[in-house]
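Enquirer: Here you go, this is structure27.cif (mmCIF, C-alpha atoms and all ligand atoms).
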```
data_entry
loop_
_atom_site.label_atom_id
_atom_site.label_comp_id
_atom_site.auth_asym_id
_atom_site.auth_seq_id
_atom_site.Cartn_x
_atom_site.Cartn_y
_atom_site.Cartn_z
CA MET A 905 0.00 0.00 0.00
CA ARG A 906 1.17 3.53 -0.77
CA ILE A 907 -0.13 6.98 0.17
CA SER A 908 -0.62 8.45 -3.30
CA GLY A 909 -2.58 11.58 -2.42
CA ILE A 910 -3.32 13.72 0.63
CA GLY A 911 -5.49 16.72 1.50
CA SER A 912 -7.15 18.45 4.42
CA ALA A 913 -9.72 21.10 5.30
CA VAL A 914 -10.28 23.08 8.49
CA PRO A 915 -13.00 25.56 9.47
CA ARG A 916 -12.34 29.28 9.01
CA GLN A 917 -13.03 30.29 12.61
CA ILE A 918 -9.96 30.44 14.84
CA VAL A 919 -10.75 30.27 18.56
CA THR A 920 -7.86 31.42 20.73
CA ASN A 921 -7.32 30.63 24.41
CA GLU A 922 -8.07 34.28 25.17
CA MET A 923 -11.47 33.93 23.46
CA LEU A 924 -12.24 30.92 25.66
CA SER A 925 -11.28 32.79 28.82
CA SER A 926 -13.97 35.38 28.00
CA PHE A 927 -16.69 32.84 28.87
CA LEU A 928 -14.87 30.13 30.85
CA ASP A 929 -12.88 30.18 34.09
CA THR A 930 -9.61 29.45 32.28
CA SER A 931 -6.55 31.24 30.94
CA ASP A 932 -4.08 31.16 28.08
CA GLU A 933 -1.37 30.41 30.64
CA TRP A 934 -3.19 27.31 32.02
CA ILE A 935 -4.09 25.88 28.61
CA THR A 936 -0.65 26.53 27.10
CA THR A 937 1.40 25.09 29.94
CA ARG A 938 -0.86 22.03 30.51
CA THR A 939 -1.54 21.16 26.88
CA GLY A 940 0.54 23.20 24.40
CA ILE A 941 -2.65 24.41 22.67
CA LYS A 942 -2.85 28.12 21.73
CA GLN A 943 -5.81 28.02 19.36
CA ARG A 944 -8.15 25.65 17.54
CA ARG A 945 -10.49 25.79 14.50
CA VAL A 946 -14.21 25.53 15.21
CA ILE A 947 -17.11 25.05 12.81
CA THR A 948 -19.42 28.05 12.57
CA GLU A 949 -21.06 28.52 9.18
CA GLU A 950 -19.48 25.57 7.38
CA LYS A 951 -21.10 22.19 7.34
CA PHE A 952 -18.98 19.39 8.79
CA GLU A 953 -19.59 17.16 5.79
CA GLN A 954 -18.32 19.93 3.48
CA LEU A 955 -14.95 19.76 5.22
CA ALA A 956 -14.82 16.00 4.65
CA VAL A 957 -15.73 16.46 0.97
CA GLU A 958 -13.12 19.21 0.51
CA ALA A 959 -10.36 17.12 2.10
CA ALA A 960 -11.35 14.14 -0.08
CA ARG A 961 -11.43 16.23 -3.26
CA LYS A 962 -7.94 17.58 -2.55
CA ALA A 963 -6.53 14.11 -1.82
CA ILE A 964 -7.94 12.68 -5.07
CA ALA A 965 -6.55 15.62 -7.09
CA ASP A 966 -3.19 15.32 -5.30
CA ALA A 967 -3.05 11.65 -6.34
CA GLY A 968 -3.61 12.73 -9.95
CA LEU A 969 -6.80 10.67 -10.06
CA THR A 970 -10.48 11.28 -10.73
CA PRO A 971 -13.36 10.24 -8.43
CA ASP A 972 -14.34 7.37 -10.75
CA SER A 973 -11.08 5.54 -10.02
CA ILE A 974 -11.87 5.15 -6.27
CA GLU A 975 -12.93 1.59 -5.46
CA LEU A 976 -13.75 1.98 -1.75
CA ILE A 977 -14.35 4.84 0.70
CA VAL A 978 -13.55 4.37 4.38
CA CYS A 979 -14.29 7.25 6.69
CA SER A 980 -13.15 7.34 10.30
CA THR A 981 -15.34 9.57 12.45
CA THR A 982 -17.21 9.51 15.74
CA THR A 983 -18.91 12.86 15.44
CA SER A 984 -20.84 13.02 12.19
CA PRO A 985 -24.13 14.87 12.69
CA PHE A 986 -25.74 12.07 10.72
CA ILE A 987 -26.30 8.64 12.21
CA THR A 988 -27.34 7.69 8.73
CA PRO A 989 -26.32 8.07 5.95
CA SER A 990 -22.70 7.52 6.88
CA LEU A 991 -20.26 10.37 6.30
CA ALA A 992 -18.57 8.15 3.68
CA CYS A 993 -21.89 7.89 1.82
CA ILE A 994 -22.30 11.68 1.89
CA VAL A 995 -18.80 12.18 0.44
CA ARG A 996 -19.52 9.50 -2.15
CA GLU A 997 -22.67 11.24 -3.34
CA SER A 998 -21.12 14.69 -3.33
CA LEU A 999 -18.07 13.65 -5.38
CA GLN A 1000 -19.98 11.12 -7.50
CA ILE A 1001 -17.65 8.25 -6.56
CA PRO A 1002 -19.04 4.95 -7.86
CA SER A 1003 -17.80 2.77 -4.97
CA PRO A 1004 -18.99 1.23 -1.72
CA ALA A 1005 -18.64 3.54 1.28
CA MET A 1006 -18.55 2.97 5.03
CA ASP A 1007 -17.75 4.69 8.33
CA LEU A 1008 -15.53 3.28 11.02
CA ASN A 1009 -15.37 4.30 14.69
CA GLY A 1010 -11.79 4.18 15.91
CA ALA A 1011 -12.10 7.38 18.00
CA CYS A 1012 -8.84 9.36 18.01
CA ALA A 1013 -6.96 6.35 16.64
CA GLY A 1014 -9.42 6.11 13.72
CA PHE A 1015 -6.82 6.95 11.07
CA LEU A 1016 -4.70 3.95 12.14
CA TYR A 1017 -7.75 1.67 12.28
CA ALA A 1018 -8.84 2.78 8.81
CA LEU A 1019 -5.31 2.35 7.42
CA ASP A 1020 -5.26 -1.20 8.75
CA ALA A 1021 -8.63 -1.95 7.12
CA ALA A 1022 -7.48 -0.41 3.83
CA ASP A 1023 -4.26 -2.44 3.96
CA ALA A 1024 -6.31 -5.65 4.29
CA TYR A 1025 -8.44 -4.71 1.27
CA ILE A 1026 -5.36 -3.94 -0.81
CA LYS A 1027 -3.45 -7.07 0.29
CA SER A 1028 -6.46 -9.27 -0.49
CA LYS A 1029 -6.79 -7.48 -3.87
CA LYS A 1030 -10.40 -6.53 -3.09
CA ALA A 1031 -9.50 -2.93 -3.96
CA LYS A 1032 -6.56 -1.14 -5.57
CA THR A 1033 -7.49 2.48 -4.87
CA ILE A 1034 -9.06 3.53 -1.57
CA LEU A 1035 -10.15 6.94 -0.31
CA LEU A 1036 -9.66 7.23 3.45
CA ILE A 1037 -11.14 10.25 5.19
CA SER A 1038 -10.61 11.06 8.87
CA ALA A 1039 -12.90 13.82 10.03
CA ASP A 1040 -14.17 14.93 13.42
CA ASN A 1041 -16.44 17.66 14.69
CA MET A 1042 -15.46 17.60 18.36
CA SER A 1043 -16.94 21.06 18.99
CA ARG A 1044 -20.37 19.46 18.57
CA ILE A 1045 -19.93 16.82 21.29
CA VAL A 1046 -18.08 18.72 24.02
CA ASP A 1047 -19.80 20.64 26.80
CA TRP A 1048 -18.79 24.27 26.26
CA THR A 1049 -19.31 25.00 29.95
CA ASP A 1050 -16.79 22.31 31.00
CA ARG A 1051 -13.31 23.85 31.02
CA ARG A 1052 -11.71 20.43 31.62
CA THR A 1053 -12.65 19.20 28.16
CA CYS A 1054 -13.82 21.88 25.70
CA VAL A 1055 -10.47 23.73 25.64
CA LEU A 1056 -8.73 20.63 24.32
CA PHE A 1057 -10.47 20.02 21.00
CA GLY A 1058 -10.89 21.41 17.49
CA ASP A 1059 -12.61 20.45 14.23
CA ALA A 1060 -10.87 19.21 11.06
CA ALA A 1061 -10.97 16.77 8.15
CA ALA A 1062 -8.07 15.12 6.35
CA ALA A 1063 -7.95 12.48 3.65
CA VAL A 1064 -5.50 10.20 1.87
CA VAL A 1065 -5.74 8.14 -1.29
CA LEU A 1066 -4.20 4.71 -0.82
CA THR A 1067 -3.14 2.64 -3.80
CA ASP A 1068 -1.35 -0.62 -4.56
CA ALA A 1069 1.41 1.31 -6.39
CA GLY A 1070 4.03 0.43 -3.77
CA ASP A 1071 4.84 -1.59 -0.66
CA ASP A 1072 5.52 1.27 1.75
CA PHE A 1073 3.79 0.10 4.93
CA ARG A 1074 6.31 -1.88 6.97
CA ALA A 1075 4.02 -2.64 9.93
CA ILE A 1076 0.64 -1.62 11.32
CA LEU A 1077 -0.62 -2.71 14.72
CA LEU A 1078 -3.86 -2.08 16.59
CA ARG A 1079 -4.76 -2.61 20.25
CA THR A 1080 -7.92 -2.26 22.30
CA GLU A 1081 -8.23 -2.25 26.10
CA ASP A 1082 -11.00 -1.61 28.62
CA ASN A 1083 -12.11 2.00 28.82
CA GLY A 1084 -14.26 1.96 31.98
CA THR A 1085 -15.81 5.38 32.44
CA CYS A 1086 -12.63 7.31 31.63
CA LEU A 1087 -13.73 8.71 28.32
CA LEU A 1088 -17.28 8.62 27.02
CA ALA A 1089 -20.00 10.48 25.15
CA LYS A 1090 -23.55 9.11 24.85
CA ASN A 1091 -26.53 9.37 22.53
CA SER A 1092 -29.98 9.72 24.07
CA SER A 1093 -32.06 6.58 24.61
CA GLY A 1094 -34.67 7.88 22.16
CA ASN A 1095 -38.40 7.90 22.79
CA SER A 1096 -39.19 4.22 22.56
CA PRO A 1097 -42.37 3.51 24.55
CA PHE A 1098 -40.74 0.20 25.52
CA ILE A 1099 -37.93 1.84 27.51
CA LYS A 1100 -38.90 2.91 31.02
CA GLU A 1101 -35.72 4.72 32.02
CA LYS A 1102 -35.05 7.46 29.49
CA THR A 1103 -31.51 8.81 29.26
CA GLU A 1104 -30.41 12.14 27.90
CA PRO A 1105 -27.35 12.51 25.63
CA ILE A 1106 -24.10 13.01 27.56
CA ALA A 1107 -21.44 15.37 26.21
CA LEU A 1108 -17.84 14.14 26.17
CA GLN A 1109 -16.64 13.27 29.68
CA MET A 1110 -13.04 12.53 30.45
CA GLU A 1111 -10.95 11.67 33.49
CA GLY A 1112 -7.94 13.61 32.23
CA GLN A 1113 -5.21 12.16 34.41
CA LYS A 1114 -6.27 8.54 33.86
CA VAL A 1115 -6.39 9.15 30.11
CA PHE A 1116 -2.98 10.84 30.26
CA LYS A 1117 -1.42 7.80 31.98
CA HIS A 1118 -3.09 5.41 29.59
CA ALA A 1119 -1.95 7.44 26.58
CA VAL A 1120 1.67 7.44 27.68
CA ALA A 1121 1.68 3.71 28.50
CA SER A 1122 -0.04 2.65 25.26
CA ALA A 1123 2.19 4.91 23.14
CA GLN A 1124 5.37 3.50 24.69
CA ALA A 1125 4.20 -0.10 24.21
CA ASP A 1126 2.87 0.44 20.67
CA ILE A 1127 5.93 2.33 19.43
CA SER A 1128 8.35 -0.23 20.74
CA LYS A 1129 6.28 -3.11 19.27
CA VAL A 1130 5.76 -1.54 15.85
CA LEU A 1131 9.49 -0.78 15.53
CA LYS A 1132 10.20 -4.45 16.24
CA LEU A 1133 7.56 -5.62 13.75
CA ALA A 1134 8.97 -3.31 11.09
CA GLY A 1135 12.53 -4.41 11.91
CA ILE A 1136 13.78 -0.84 12.12
CA ALA A 1137 15.72 1.04 14.80
CA LYS A 1138 14.08 4.14 16.34
CA GLU A 1139 17.05 6.27 15.16
CA LYS A 1140 16.15 5.44 11.53
CA ILE A 1141 12.72 7.06 11.82
CA ASN A 1142 12.80 10.54 10.25
CA HIS A 1143 9.41 11.75 11.50
CA PHE A 1144 7.27 10.69 14.47
CA LEU A 1145 3.67 11.77 13.86
CA LEU A 1146 1.92 11.25 17.18
CA HIS A 1147 -1.74 11.94 17.97
CA GLN A 1148 -1.96 15.63 18.82
CA ALA A 1149 -3.71 15.41 22.20
CA ASN A 1150 -1.25 17.08 24.55
CA ILE A 1151 2.27 18.41 23.95
CA ARG A 1152 3.27 16.99 27.35
CA ILE A 1153 2.38 13.48 26.15
CA ILE A 1154 4.42 14.01 22.96
CA ASP A 1155 7.39 15.38 24.94
CA PHE A 1156 7.21 12.54 27.43
CA ILE A 1157 7.32 9.92 24.66
CA ARG A 1158 10.18 11.73 22.94
CA LYS A 1159 12.21 11.87 26.15
CA THR A 1160 11.67 8.18 26.94
CA LEU A 1161 12.88 7.36 23.42
CA GLY A 1162 15.86 9.70 23.86
CA LEU A 1163 15.39 11.28 20.42
CA PRO A 1164 15.77 14.90 19.25
CA GLU A 1165 12.87 17.36 19.21
CA ASN A 1166 13.06 17.97 15.46
CA LYS A 1167 11.83 14.42 14.77
CA PHE A 1168 8.58 15.04 16.67
CA ASN A 1169 6.51 17.33 14.50
CA HIS A 1170 3.46 18.97 16.02
CA ASN A 1171 0.68 21.40 15.17
CA ILE A 1172 -1.38 20.99 18.36
CA GLU A 1173 -0.64 24.65 19.16
CA ARG A 1174 -2.76 25.70 16.16
CA TYR A 1175 -5.46 23.01 15.96
CA GLY A 1176 -5.84 21.36 19.38
CA ASN A 1177 -6.95 17.73 19.42
CA THR A 1178 -8.87 17.07 16.20
CA SER A 1179 -9.44 13.40 17.10
CA SER A 1180 -9.06 11.05 14.13
CA ALA A 1181 -8.08 13.92 11.77
CA SER A 1182 -5.07 14.81 13.90
CA ILE A 1183 -2.36 12.63 12.28
CA PRO A 1184 -3.35 13.04 8.59
CA LEU A 1185 -3.80 16.80 9.15
CA LEU A 1186 -0.24 17.00 10.47
CA MET A 1187 1.02 14.79 7.64
CA ASP A 1188 -0.67 17.03 5.07
CA GLU A 1189 0.92 20.15 6.57
CA LEU A 1190 4.39 18.59 6.61
CA TYR A 1191 4.00 17.37 3.04
CA HIS A 1192 2.92 20.76 1.72
CA ALA A 1193 5.70 22.46 3.69
CA GLY A 1194 8.17 20.22 1.80
CA GLN A 1195 9.29 18.48 4.99
CA LEU A 1196 8.52 14.91 3.87
CA ARG A 1197 11.05 13.58 1.38
CA ARG A 1198 10.78 10.42 -0.70
CA GLY A 1199 12.35 7.57 1.27
CA ASP A 1200 11.73 9.17 4.69
CA MET A 1201 10.57 6.72 7.34
CA LEU A 1202 7.48 7.79 9.31
CA LEU A 1203 6.12 6.37 12.55
CA LEU A 1204 2.47 7.14 13.34
CA ASN A 1205 0.94 6.52 16.76
CA ALA A 1206 -2.48 7.34 18.19
CA PHE A 1207 -4.70 6.48 21.16
CA GLY A 1208 -8.30 7.27 21.96
CA ALA A 1209 -11.56 6.40 23.63
CA GLY A 1210 -12.29 2.72 23.69
CA PHE A 1211 -9.45 2.53 24.75
CA VAL A 1212 -8.09 2.03 21.27
CA SER A 1213 -4.58 2.59 20.06
CA GLY A 1214 -2.47 1.87 17.04
CA ALA A 1215 0.87 2.50 15.39
CA CYS A 1216 2.43 2.08 12.01
CA VAL A 1217 5.76 2.49 10.23
CA LEU A 1218 5.79 3.55 6.59
CA GLU A 1219 8.18 4.79 3.98
CA TRP A 1220 7.06 8.07 2.42
CA ASN A 1221 7.12 7.71 -1.36
CA LYS A 1222 4.65 10.26 -2.64
N1 LIG A 1301 -8.47 26.06 32.92
C1 LIG A 1301 -8.11 26.27 34.19
N2 LIG A 1301 -8.11 25.30 35.12
C2 LIG A 1301 -8.46 24.06 34.72
C3 LIG A 1301 -8.84 23.76 33.40
C4 LIG A 1301 -8.83 24.83 32.47
N3 LIG A 1301 -9.17 24.68 31.18
N4 LIG A 1301 -9.14 22.46 33.31
C5 LIG A 1301 -8.95 21.93 34.53
N5 LIG A 1301 -8.54 22.90 35.38
C6 LIG A 1301 -8.24 22.79 36.81
C7 LIG A 1301 -8.93 21.61 37.45
O1 LIG A 1301 -10.24 21.97 37.83
C8 LIG A 1301 -8.03 21.37 38.64
O2 LIG A 1301 -8.34 22.33 39.64
P1 LIG A 1301 -8.39 21.87 41.19
O3 LIG A 1301 -6.98 21.41 41.49
O4 LIG A 1301 -8.78 23.14 41.86
O5 LIG A 1301 -9.38 20.76 41.25
C9 LIG A 1301 -6.63 21.71 38.10
O6 LIG A 1301 -6.85 22.52 36.95
C10 LIG A 1301 -5.80 20.52 37.72
O7 LIG A 1301 -6.61 19.64 36.92
P2 LIG A 1301 -6.03 18.30 36.35
O8 LIG A 1301 -7.13 17.58 35.64
O9 LIG A 1301 -5.30 17.60 37.45
O10 LIG A 1301 -4.96 18.86 35.30
P3 LIG A 1301 -3.91 18.08 34.46
O11 LIG A 1301 -2.57 18.61 34.67
O12 LIG A 1301 -4.10 16.58 34.54
O13 LIG A 1301 -4.32 18.51 32.96
C11 LIG A 1301 -5.45 17.57 31.07
C12 LIG A 1301 -5.60 18.17 32.46
C13 LIG A 1301 -4.87 18.64 30.16
C14 LIG A 1301 -6.84 17.19 30.57
C15 LIG A 1301 -4.51 16.34 31.11
O14 LIG A 1301 -4.89 15.47 32.14
C16 LIG A 1301 -4.51 15.58 29.81
O15 LIG A 1301 -4.05 16.06 28.79
N6 LIG A 1301 -5.00 14.33 29.79
C17 LIG A 1301 -5.05 13.53 28.61
C18 LIG A 1301 -6.19 13.99 27.81
C19 LIG A 1301 -6.20 13.39 26.43
O16 LIG A 1301 -5.20 13.02 25.89
N7 LIG A 1301 -7.40 13.34 25.88
C20 LIG A 1301 -7.61 12.91 24.58
C21 LIG A 1301 -7.60 11.42 24.49
S1 LIG A 1301 -8.82 10.64 23.62
C22 LIG A 1301 -9.57 11.65 22.68
O17 LIG A 1301 -8.90 12.34 21.97
C23 LIG A 1301 -11.06 11.75 22.73
#
```
Mind converting the file's structure to structure tokens?
Ligand code: ACO

Expert:
Amino acid sequence: MRISGIGSAVPRQIVTNEMLSSFLDTSDEWITTRTGIKQRRVITEEKFEQLAVEAARKAIADAGLTPDSIELIVCSTTTSPFITPSLACIVRESLQIPSPAMDLNGACAGFLYALDAADAYIKSKKAKTILLISADNMSRIVDWTDRRTCVLFGDAAAAVVLTDAGDDFRAILLRTEDNGTCLLAKNSSGNSPFIKEKTEPIALQMEGQKVFKHAVASAQADISKVLKLAGIAKEKINHFLLHQANIRIIDFIRKTLGLPENKFNHNIERYGNTSSASIPLLMDELYHAGQLRRGDMLLLNAFGAGFVSGACVLEWNK
């Protein structure tokens, strides 16, 4: 499998830490020192699905392809405003892509879960050209009166086109562990007359410190395992693209690996945690900034609610 095209789209509205402190008991100083986030993009007038479509259109054009050459659409999201149709179906219709389309819930590790699924399709020759979109609208599921969660997230969409033009993925691994009540968001129970106890929707709830510890532990374990699977030394990795959840988590991982700062790219300061879009959004920025060279080795690692996590090693050959 090869990444043959990439694109992303973010909302126009920038929300700075100062803007948040005008309606929340928080400060730029607290958010910056605890998380590394300075601002995030938040949907206002745009429609979430338009961001997903725009990212997909850019990725297809970047691959030098047309929509009719896509054989499968996989979309990782947990926050689409539509329960049905899937976000993948909406993108399909909008871009007139004549392929099957499905959504996948891998929370913040959704990009890794979708890559693994795409890899299986390509290896089994069920598809040669796959559009993978990772898009999340976290601003819709957080409680904007809860300073412990809403300051952390932003909205974004990013997409890649995966083809069988090369054998660039050296290893992909996925892991799932018990989540307990550490990280959850709930739909309402609906108005079925057969349910006695009605429940209201619950905005995203998170036990920050437990999630922090889990994130660090899973990242350390996944990175060490994926390096072994790929048969490559950590020093040979040119770029570590870690889930952009907290700069302290990224720094901690970097220090335990004993590697230089310039290998750990980040854009959390500008976008916050964009859930499953976080890694491909960063990858797209690096690519367009000319920082990814053919032959560079990349290590991707993400964790999220579930608890799910995943990692992969790939050679960049776009
Ligand atoms: N502004 C000011 N004060 C705040 C804020 C805020 N935005 N948020 C919390 N505080 C306060 C708390 O109320 C608490 O005050 P108290 O001591 O008076 O009770 C104090 O700051 C310390 O709170 P902690 O939760 O202990 O702060 P911590 O240093 O752990 O930082 C954070 C919190 C940033 C959430 C951290 O735990 C973290 O990053 N955890 C991992 C989160 C993560 O990665 N989530 C994403 C994973 S999955 C997914 O993406 C859906």

Enquirer: Can you sort out the box for ligand LIG 1301 (chain A), edges along x, y and z, all listed atoms in, 4 Å on every side, with centre and edge lengths in Å to one decimal, as AutoDock Vina command-line options?

Expert:
```
--center_x -6.8 --center_y 18.5 --center_z 31.9 --size_x 16.5 --size_y 23.6 --size_z 27.9
```

Enquirer: Please, which residues have at least one atom within 7 Å of an atom of ligand LIG 1301 (chain A), using all atoms listed in the file, listed as a list in words?

Expert: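 For ligand LIG 1301 (chain A), the residues inside 7 Å are Asp929, Thr930, Ser931, Trp934, Ile935, Arg938, Thr939, Ala1011, Cys1012, Arg1051, Arg1052, Thr1053, Val1055, Leu1087, Gly1112, Gln1113, Val1115, Phe1116, Ala1119, Ala1149, Asn1150, Asn1177, Ser1179, Phe1207, Gly1208 and Ala1209 of chain A.
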
Enquirer: Create the file for the chosen residues now, containing C-alpha atoms and written as a PDB file, in the frame of the given file.

Expert:
```pdb
ATOM      1  CA  ASP A 929     -12.880  30.180  34.090  1.00  0.00           C
ATOM      2  CA  THR A 930      -9.610  29.450  32.280  1.00  0.00           C
ATOM      3  CA  SER A 931      -6.550  31.240  30.940  1.00  0.00           C
ATOM      4  CA  TRP A 934      -3.190  27.310  32.020  1.00  0.00           C
ATOM      5  CA  ILE A 935      -4.090  25.880  28.610  1.00  0.00           C
ATOM      6  CA  ARG A 938      -0.860  22.030  30.510  1.00  0.00           C
ATOM      7  CA  THR A 939      -1.540  21.160  26.880  1.00  0.00           C
ATOM      8  CA  ALA A1011     -12.100   7.380  18.000  1.00  0.00           C
ATOM      9  CA  CYS A1012      -8.840   9.360  18.010  1.00  0.00           C
ATOM     10  CA  ARG A1051     -13.310  23.850  31.020  1.00  0.00           C
ATOM     11  CA  ARG A1052     -11.710  20.430  31.620  1.00  0.00           C
ATOM     12  CA  THR A1053     -12.650  19.200  28.160  1.00  0.00           C
ATOM     13  CA  VAL A1055     -10.470  23.730  25.640  1.00  0.00           C
ATOM     14  CA  LEU A1087     -13.730   8.710  28.320  1.00  0.00           C
ATOM     15  CA  GLY A1112      -7.940  13.610  32.230  1.00  0.00           C
ATOM     16  CA  GLN A1113      -5.210  12.160  34.410  1.00  0.00           C
ATOM     17  CA  VAL A1115      -6.390   9.150  30.110  1.00  0.00           C
ATOM     18  CA  PHE A1116      -2.980  10.840  30.260  1.00  0.00           C
ATOM     19  CA  ALA A1119      -1.950   7.440  26.580  1.00  0.00           C
ATOM     20  CA  ALA A1149      -3.710  15.410  22.200  1.00  0.00           C
ATOM     21  CA  ASN A1150      -1.250  17.080  24.550  1.00  0.00           C
ATOM     22  CA  ASN A1177      -6.950  17.730  19.420  1.00  0.00           C
ATOM     23  CA  SER A1179      -9.440  13.400  17.100  1.00  0.00           C
ATOM     24  CA  PHE A1207      -4.700   6.480  21.160  1.00  0.00           C
ATOM     25  CA  GLY A1208      -8.300   7.270  21.960  1.00  0.00           C
ATOM     26  CA  ALA A1209     -11.560   6.400  23.630  1.00  0.00           C
TER      27      ALA A1209
END
```

Enquirer: Closest to Pro1184 in chain A among A:Ala1206, A:Leu969, A:Leu1133, A:Ile918, using all atoms listed in the file?

Expert: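 Ranking A:Ala1206, A:Leu969, A:Leu1133, A:Ile918 by distance to Pro1184 in chain A, first place goes to A:Ala1206.
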
Enquirer: Between A:Leu1066, A:Leu1204, A:Arg1079, A:Gly1135, which one has atoms that come closest to Asn1169 in chain A, using all atoms listed in the file?

Expert: A:Leu1204

Enquirer: Against range 977-985 of chain A, which residues of range 1005-1113 of chain A fall within 7 Å? For each one I want the closest pair of atoms and the distance in Å (one decimal), counting only C-alpha atoms, rows by chain and increasing residue number, as a tab-separated table.

Expert:
```
residue	atom	partner	partner_atom	distance
A:Ala1005	CA	A:Ile977	CA	4.5
A:Met1006	CA	A:Val978	CA	5.2
A:Asp1007	CA	A:Cys979	CA	4.6
A:Leu1008	CA	A:Ser980	CA	4.8
A:Asn1009	CA	A:Thr982	CA	5.6
A:Gly1010	CA	A:Ser980	CA	6.6
A:Ala1011	CA	A:Thr982	CA	6.0
A:Gly1014	CA	A:Ser980	CA	5.2
A:Phe1015	CA	A:Ser980	CA	6.4
A:Ala1018	CA	A:Ser980	CA	6.4
A:Ile1034	CA	A:Ile977	CA	5.9
A:Leu1035	CA	A:Ile977	CA	4.8
A:Leu1036	CA	A:Val978	CA	4.9
A:Ile1037	CA	A:Cys979	CA	4.6
A:Ser1038	CA	A:Ser980	CA	4.7
A:Ala1039	CA	A:Thr981	CA	5.5
A:Asp1040	CA	A:Thr983	CA	5.6
A:Asn1041	CA	A:Thr983	CA	5.5
A:Met1042	CA	A:Thr983	CA	6.5
```

Enquirer: If I take CA of Ile987 in chain A and CA of Pro1004 in chain A, how far is one from the other in Å, to one decimal?

Expert: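 Separation between CA of Ile987 in chain A and CA of Pro1004 in chain A: 17.4 Å.
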
Enquirer: Report the distance between CA of Glu958 in chain A and CA of Ile941 in chain A in Å, rounded to one decimal place.

Expert: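 Computing it gives 25.1 Å between the two atoms.
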
Enquirer: Using only C-alpha atoms, can you tell me which of A:Gln1148, A:Ser1182, A:Ser925, A:Asn1142 comes closest to Asp1200 in chain A?

Expert: A:Asn1142

Enquirer: If you measure from CA of Ser1213 in chain A to CA of Ala1013 in chain A, what distance in Å do you get, rounded to one decimal?

Expert: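 That distance, rounded to one decimal, is 5.6 Å.
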
Enquirer: Out of A:Ser1122, A:Ala1062, A:Thr937, A:Ala1107, which residue has the shortest atom-to-atom distance to Ile1183 in chain A when counting all atoms listed in the file?

Expert: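 Closest candidate: A:Ala1062.
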
Enquirer: Quick one: residues within 10 Å of Ile1106 in chain A, only C-alpha atoms counted, chain neighbours fewer than 4 positions away excluded, as a count of residues only?

Expert: 8

Enquirer: Pick from A:Lys1102, A:Arg1158, A:Arg906, A:Arg1197: nearest to Ile1127 in chain A, with only C-alpha atoms counted?

Expert: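 Of A:Lys1102, A:Arg1158, A:Arg906, A:Arg1197, the one nearest Ile1127 in chain A is A:Arg1158, counting only C-alpha atoms.
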
Enquirer: Name all residues at most 8 Å from Lys1222 in chain A (count all atoms listed in the file; drop same-chain ones fewer than 2 positions away) and give them as a list in words.

Expert: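 Answer for this query is Arg906, Ile907, Ser908, Gly909, Arg1198 and Trp1220 of chain A.
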
Enquirer: Please dump the current selection as a short mmCIF file (atom, residue, chain, number, x, y, z; two decimals), in the coordinates of the input; keep C-alpha atoms.

Expert:
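Result file is selection-v2.cif:
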```cif
data_model
loop_
_atom_site.label_atom_id
_atom_site.label_comp_id
_atom_site.auth_asym_id
_atom_site.auth_seq_id
_atom_site.Cartn_x
_atom_site.Cartn_y
_atom_site.Cartn_z
CA ARG A 906 1.17 3.53 -0.77
CA ILE A 907 -0.13 6.98 0.17
CA SER A 908 -0.62 8.45 -3.30
CA GLY A 909 -2.58 11.58 -2.42
CA ARG A 1198 10.78 10.42 -0.70
CA TRP A 1220 7.06 8.07 2.42
#
```

Enquirer: Give me range 1137-1145 of chain A with N, CA and C atoms filled in, as a PDB file, in the frame of the given file.

Expert:
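File written: out25.pdb
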```
ATOM      1  N   ALA A1137      15.306   0.389  13.556  1.00  0.00           N
ATOM      2  CA  ALA A1137      15.720   1.040  14.800  1.00  0.00           C
ATOM      3  C   ALA A1137      15.060   2.410  14.903  1.00  0.00           C
ATOM      4  N   LYS A1138      14.774   2.844  16.147  1.00  0.00           N
ATOM      5  CA  LYS A1138      14.080   4.140  16.340  1.00  0.00           C
ATOM      6  C   LYS A1138      14.873   5.297  15.723  1.00  0.00           C
ATOM      7  N   GLU A1139      16.204   5.179  15.714  1.00  0.00           N
ATOM      8  CA  GLU A1139      17.050   6.270  15.160  1.00  0.00           C
ATOM      9  C   GLU A1139      16.835   6.432  13.655  1.00  0.00           C
ATOM     10  N   LYS A1140      16.343   5.380  12.995  1.00  0.00           N
ATOM     11  CA  LYS A1140      16.150   5.440  11.530  1.00  0.00           C
ATOM     12  C   LYS A1140      14.837   6.114  11.136  1.00  0.00           C
ATOM     13  N   ILE A1141      13.986   6.373  12.134  1.00  0.00           N
ATOM     14  CA  ILE A1141      12.720   7.060  11.820  1.00  0.00           C
ATOM     15  C   ILE A1141      12.998   8.550  11.650  1.00  0.00           C
ATOM     16  N   ASN A1142      12.572   9.104  10.513  1.00  0.00           N
ATOM     17  CA  ASN A1142      12.800  10.540  10.250  1.00  0.00           C
ATOM     18  C   ASN A1142      11.749  11.421  10.903  1.00  0.00           C
ATOM     19  N   HIS A1143      10.492  10.917  10.947  1.00  0.00           N
ATOM     20  CA  HIS A1143       9.410  11.750  11.500  1.00  0.00           C
ATOM     21  C   HIS A1143       8.482  10.892  12.359  1.00  0.00           C
ATOM     22  N   PHE A1144       8.289  11.306  13.606  1.00  0.00           N
ATOM     23  CA  PHE A1144       7.270  10.690  14.470  1.00  0.00           C
ATOM     24  C   PHE A1144       6.036  11.579  14.403  1.00  0.00           C
ATOM     25  N   LEU A1145       4.924  11.010  13.916  1.00  0.00           N
ATOM     26  CA  LEU A1145       3.670  11.770  13.860  1.00  0.00           C
ATOM     27  C   LEU A1145       2.740  11.164  14.911  1.00  0.00           C
TER      28      LEU A1145
END
```
